[in-house]
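Everything on this sheet refers to the single structure shown next.
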Amino acid sequence: MQALWMLLASVLSAVMSACVKLASEHGASLASIIVLRGLPSVLLLLFWARVRRQPVITPNWRLHVWRNVAGLCSMWLGFYCVSQLPLATSASLTYTSPLFIACWMLGWGGARRDPVRIAAVALGFLGVMVVLRPSITPDQWEAALLGLVAGMATAMAMLQLRELGRMGEPEWRTVLFFSIAVCLSSIVGLTLEGWGRPDWVAYVNLLLVGTIGLLMQLAQTRAFGKGAPLLTAALQYSTIIFARALGVLFWGDAPDALAWTGSGLIILAGLVSAWSTARRAAPA
């Protein structure tokens with residue numbers, strides 16, 4: 001089930017990135033995208049908590065602080081990268097997070113140094129580069145470097161989600177606190193940048209960013225909080241396949257034979273990692 005939650009999160013993440021890019025292309029400022037990314041989650045989750053009489057106060061506030069700091073850096077930098085670069089190129093940079101997660105877990109996180117899983121993660125990263133083949137022009141280096149930093153920040157945020165899951169923190173409360181932090185940070189952004197000049201297409205996509213972002217974050221929080229970190233990281237690569245499909249649909253980015261080869265490598269990496277995890281869990 002944790003693998004399915006990650007696959008769902010990957011689909012929603014690709015759709016949300018496409019909505020962010022469309023909203024940016026139709027006049028919405030980065031700050032307006034951020035505020036509508038967090039506000040629906042805050043309103044819906046506070047309403048749900050009140051109806052269900054769920055406690056909002058958490059004893060794990062320190063973990064939430066670190067998760068929110070890393071998550072905010074990841075979101076702002078990632079959305080900026082998506083708005084400035086082609087969707088495929090931005091995805092190749094921001095979705096280096098599984099590589100950072102795997103390196104941390106294998107080096108310092110206590111995970112077994114299973115050569116099969118190490119090879120699976122490396123294979124998945126190779127598939128990402130083959131599929132997307134980012135070509136950075138001189139005026140895109142700033143956005144590209146910030147996209148890599150976003151990938152690293154995403155990895156830090158996901159590791160904090162893992163710790164919150166171990167502490168028994170419910171997914172909805174983790175998403176609520178992060179969404180509140182997103183809204184607070186957007187106030188500063190709106191003061192500096194303004195709302196922009198969005199048209200009706202931008203407003204439609206802004207609403208979709210908030211709704212899809214809530215569902216994506218709930219699925220992602222559950223996957224990283226309860227699932228095996230390396231397996232979840234490998235399955236996160238499937239976002240690239242879904243992003244490629246959206247690129248064909250909205251931007252006419254038809255994949256060539258090399259792109260299909262990369263997609264096959266990504267799928268193979270997920271299958272190999274899943275098989276390795278299941279094989280080690282069977283004796284226990």
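Chain labels run A, B, ... following the order of the structure tokens; each chain numbers its residues from 1, and ligands are numbered from 1 in the order shown.
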
So which residues touch range 170-176 of chain A within 10 Å, counting only C-alpha atoms, skipping near sequence neighbours fewer than 6 positions away, as a PyMOL selection string?
chain A and resi 38-39+41-46+48-49+54-58+60-61+63-64+67-68+161+164+182+214-215+217-223+225

Atoms to include: N, CA and C atoms. Write the selected residues as an mmCIF file, in the first residue's frame.
```
data_model
loop_
_atom_site.group_PDB
_atom_site.id
_atom_site.type_symbol
_atom_site.label_atom_id
_atom_site.label_comp_id
_atom_site.auth_asym_id
_atom_site.auth_seq_id
_atom_site.Cartn_x
_atom_site.Cartn_y
_atom_site.Cartn_z
ATOM 1 N N GLY A 38 -1.147 26.837 -0.421
ATOM 2 C CA GLY A 38 -1.302 26.501 0.988
ATOM 3 C C GLY A 38 -2.669 26.776 1.573
ATOM 4 N N LEU A 39 -3.362 27.824 1.085
ATOM 5 C CA LEU A 39 -4.611 28.256 1.722
ATOM 6 C C LEU A 39 -5.716 27.197 1.708
ATOM 7 N N SER A 41 -5.522 24.008 1.773
ATOM 8 C CA SER A 41 -5.169 22.958 2.724
ATOM 9 C C SER A 41 -5.454 23.404 4.149
ATOM 10 N N VAL A 42 -5.112 24.656 4.468
ATOM 11 C CA VAL A 42 -5.352 25.161 5.821
ATOM 12 C C VAL A 42 -6.844 25.168 6.132
ATOM 13 N N LEU A 43 -7.650 25.709 5.222
ATOM 14 C CA LEU A 43 -9.092 25.821 5.470
ATOM 15 C C LEU A 43 -9.753 24.458 5.581
ATOM 16 N N LEU A 44 -9.451 23.571 4.650
ATOM 17 C CA LEU A 44 -10.097 22.256 4.649
ATOM 18 C C LEU A 44 -9.675 21.410 5.838
ATOM 19 N N LEU A 45 -8.396 21.429 6.178
ATOM 20 C CA LEU A 45 -7.919 20.599 7.284
ATOM 21 C C LEU A 45 -8.374 21.132 8.641
ATOM 22 N N LEU A 46 -8.426 22.460 8.805
ATOM 23 C CA LEU A 46 -8.957 23.011 10.058
ATOM 24 C C LEU A 46 -10.443 22.678 10.209
ATOM 25 N N TRP A 48 -11.955 20.060 8.868
ATOM 26 C CA TRP A 48 -12.030 18.621 9.132
ATOM 27 C C TRP A 48 -11.675 18.312 10.585
ATOM 28 N N ALA A 49 -10.635 18.963 11.121
ATOM 29 C CA ALA A 49 -10.216 18.720 12.497
ATOM 30 C C ALA A 49 -11.296 19.144 13.488
ATOM 31 N N GLN A 54 -10.477 16.609 16.359
ATOM 32 C CA GLN A 54 -9.089 16.157 16.422
ATOM 33 C C GLN A 54 -8.220 17.252 17.038
ATOM 34 N N PRO A 55 -7.269 16.882 17.916
ATOM 35 C CA PRO A 55 -6.393 17.889 18.528
ATOM 36 C C PRO A 55 -5.396 18.439 17.512
ATOM 37 N N VAL A 56 -5.232 19.760 17.525
ATOM 38 C CA VAL A 56 -4.300 20.404 16.603
ATOM 39 C C VAL A 56 -2.905 20.547 17.216
ATOM 40 N N ILE A 57 -2.822 20.673 18.525
ATOM 41 C CA ILE A 57 -1.536 20.825 19.203
ATOM 42 C C ILE A 57 -0.737 19.520 19.094
ATOM 43 N N THR A 58 0.570 19.665 18.833
ATOM 44 C CA THR A 58 1.437 18.504 18.668
ATOM 45 C C THR A 58 2.598 18.548 19.649
ATOM 46 N N ASN A 60 5.417 17.177 18.877
ATOM 47 C CA ASN A 60 6.599 17.029 18.028
ATOM 48 C C ASN A 60 6.891 18.312 17.255
ATOM 49 N N TRP A 61 6.776 19.449 17.907
ATOM 50 C CA TRP A 61 6.870 20.713 17.201
ATOM 51 C C TRP A 61 8.273 20.971 16.640
ATOM 52 N N LEU A 63 10.356 18.795 15.276
ATOM 53 C CA LEU A 63 10.439 18.129 13.972
ATOM 54 C C LEU A 63 9.647 18.894 12.920
ATOM 55 N N HIS A 64 8.518 19.440 13.311
ATOM 56 C CA HIS A 64 7.718 20.223 12.361
ATOM 57 C C HIS A 64 8.466 21.476 11.906
ATOM 58 N N ARG A 67 11.028 20.345 9.373
ATOM 59 C CA ARG A 67 10.351 19.902 8.152
ATOM 60 C C ARG A 67 9.827 21.101 7.360
ATOM 61 N N ASN A 68 9.282 22.093 8.065
ATOM 62 C CA ASN A 68 8.710 23.244 7.380
ATOM 63 C C ASN A 68 9.785 24.139 6.767
ATOM 64 N N LEU A 161 9.790 13.935 7.322
ATOM 65 C CA LEU A 161 8.506 13.243 7.278
ATOM 66 C C LEU A 161 8.630 11.828 7.797
ATOM 67 N N LEU A 164 8.700 12.057 11.559
ATOM 68 C CA LEU A 164 7.371 12.352 12.080
ATOM 69 C C LEU A 164 6.476 11.124 12.023
ATOM 70 N N VAL A 182 3.393 27.760 4.721
ATOM 71 C CA VAL A 182 3.366 28.219 3.333
ATOM 72 C C VAL A 182 2.604 29.540 3.223
ATOM 73 N N LEU A 214 -2.858 19.619 -1.926
ATOM 74 C CA LEU A 214 -3.303 19.020 -0.664
ATOM 75 C C LEU A 214 -3.335 17.501 -0.761
ATOM 76 N N LEU A 215 -3.952 16.984 -1.809
ATOM 77 C CA LEU A 215 -4.043 15.537 -1.980
ATOM 78 C C LEU A 215 -2.664 14.916 -2.167
ATOM 79 N N GLN A 217 0.220 16.040 -1.062
ATOM 80 C CA GLN A 217 1.018 16.074 0.159
ATOM 81 C C GLN A 217 0.546 15.037 1.177
ATOM 82 N N LEU A 218 -0.769 14.803 1.237
ATOM 83 C CA LEU A 218 -1.277 13.758 2.129
ATOM 84 C C LEU A 218 -0.743 12.389 1.709
ATOM 85 N N ALA A 219 -0.788 12.101 0.408
ATOM 86 C CA ALA A 219 -0.290 10.813 -0.079
ATOM 87 C C ALA A 219 1.215 10.696 0.127
ATOM 88 N N GLN A 220 1.943 11.766 -0.143
ATOM 89 C CA GLN A 220 3.400 11.751 0.004
ATOM 90 C C GLN A 220 3.812 11.607 1.461
ATOM 91 N N THR A 221 3.108 12.299 2.359
ATOM 92 C CA THR A 221 3.411 12.204 3.781
ATOM 93 C C THR A 221 3.204 10.789 4.285
ATOM 94 N N ARG A 222 2.125 10.152 3.846
ATOM 95 C CA ARG A 222 1.871 8.781 4.274
ATOM 96 C C ARG A 222 2.917 7.826 3.713
ATOM 97 N N ALA A 223 3.297 8.020 2.460
ATOM 98 C CA ALA A 223 4.279 7.128 1.836
ATOM 99 C C ALA A 223 5.626 7.215 2.534
ATOM 100 N N GLY A 225 6.206 8.522 5.538
ATOM 101 C CA GLY A 225 6.106 8.278 6.973
ATOM 102 C C GLY A 225 6.021 6.816 7.330
#
```

Distance of CA of Arg62 in chain A from CA of Ser97 in chain A, expressed in Å to one decimal place:
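Separating CA of Ser97 in chain A from CA of Arg62 in chain A is a distance of 22.5 Å.
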
Please list as a PDB file with N, CA and C atoms, in the first residue's frame every residue within 10 Å of Glu142 in chain A, counting only C-alpha atoms and excluding residues in the same chain fewer than 4 positions away.
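Output file result_19.pdb is given in full below:
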```
ATOM      1  N   CYS A  81      11.912  27.369 -10.274  1.00  0.00           N
ATOM      2  CA  CYS A  81      12.563  26.607 -11.336  1.00  0.00           C
ATOM      3  C   CYS A  81      11.556  26.198 -12.405  1.00  0.00           C
ATOM      4  N   GLN A  84      10.626  29.165 -14.632  1.00  0.00           N
ATOM      5  CA  GLN A  84      11.675  29.750 -15.453  1.00  0.00           C
ATOM      6  C   GLN A  84      12.223  28.804 -16.517  1.00  0.00           C
ATOM      7  N   ILE A 136      21.025  23.471 -20.435  1.00  0.00           N
ATOM      8  CA  ILE A 136      20.947  24.744 -19.738  1.00  0.00           C
ATOM      9  C   ILE A 136      21.676  25.808 -20.547  1.00  0.00           C
ATOM     10  N   PRO A 138      23.096  29.820 -21.019  1.00  0.00           N
ATOM     11  CA  PRO A 138      23.783  30.699 -20.059  1.00  0.00           C
ATOM     12  C   PRO A 138      22.850  31.512 -19.171  1.00  0.00           C
ATOM     13  N   LEU A 146      19.341  26.735  -8.527  1.00  0.00           N
ATOM     14  CA  LEU A 146      18.299  26.784  -7.496  1.00  0.00           C
ATOM     15  C   LEU A 146      17.422  25.539  -7.545  1.00  0.00           C
ATOM     16  N   GLY A 147      17.223  24.976  -8.743  1.00  0.00           N
ATOM     17  CA  GLY A 147      16.478  23.729  -8.850  1.00  0.00           C
ATOM     18  C   GLY A 147      17.189  22.577  -8.166  1.00  0.00           C
TER      19      GLY A 147
END
```

So which residues of range 4-94 of chain A fall under alpha helix (DSSP H) by DSSP, listed as a ChimeraX atom specification?
/A:4-25,30-52,61-84,87-94

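Here the question is which of A:Ala70, A:Ala122, A:Ala31, A:Ala14 gets nearest to Gly151 in chain A using only C-alpha atoms, and that residue is A:Ala70.
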
From the list A:Met16, A:Leu72, A:Val149, A:Leu271, which residue is nearest Gly210 in chain A when using only C-alpha atoms?
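With only C-alpha atoms as the atom set, the closest residue is A:Met16.
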
Residue with the minimum atom-to-atom distance to Val69 in chain A, picked from A:Ala9, A:Ala181, A:Leu30, A:Leu87 with only C-alpha atoms counted, is A:Ala181

Contacts of Ser24 in chain A at 9 Å or less, counting only C-alpha atoms, minus same-chain residues fewer than 5 places along, as a list in words?
Cys19, Ser29, Leu30, Ile33, Val82, Ser83, Gln84, Pro198 and Ala202 of chain A

From CA of Gln236 in chain A to CA of Ala155 in chain A the spacing works out at 11.5 Å

Gap from CA of Leu159 in chain A to CA of Arg117 in chain A - Å, one decimal:
17.8 Å

Determine the nearest neighbour of Asp253 in chain A from the options A:Pro86, A:Gly107, A:Gly194, A:Gly27, counting only C-alpha atoms.
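Result for the nearest residue to Asp253 in chain A: A:Pro86.
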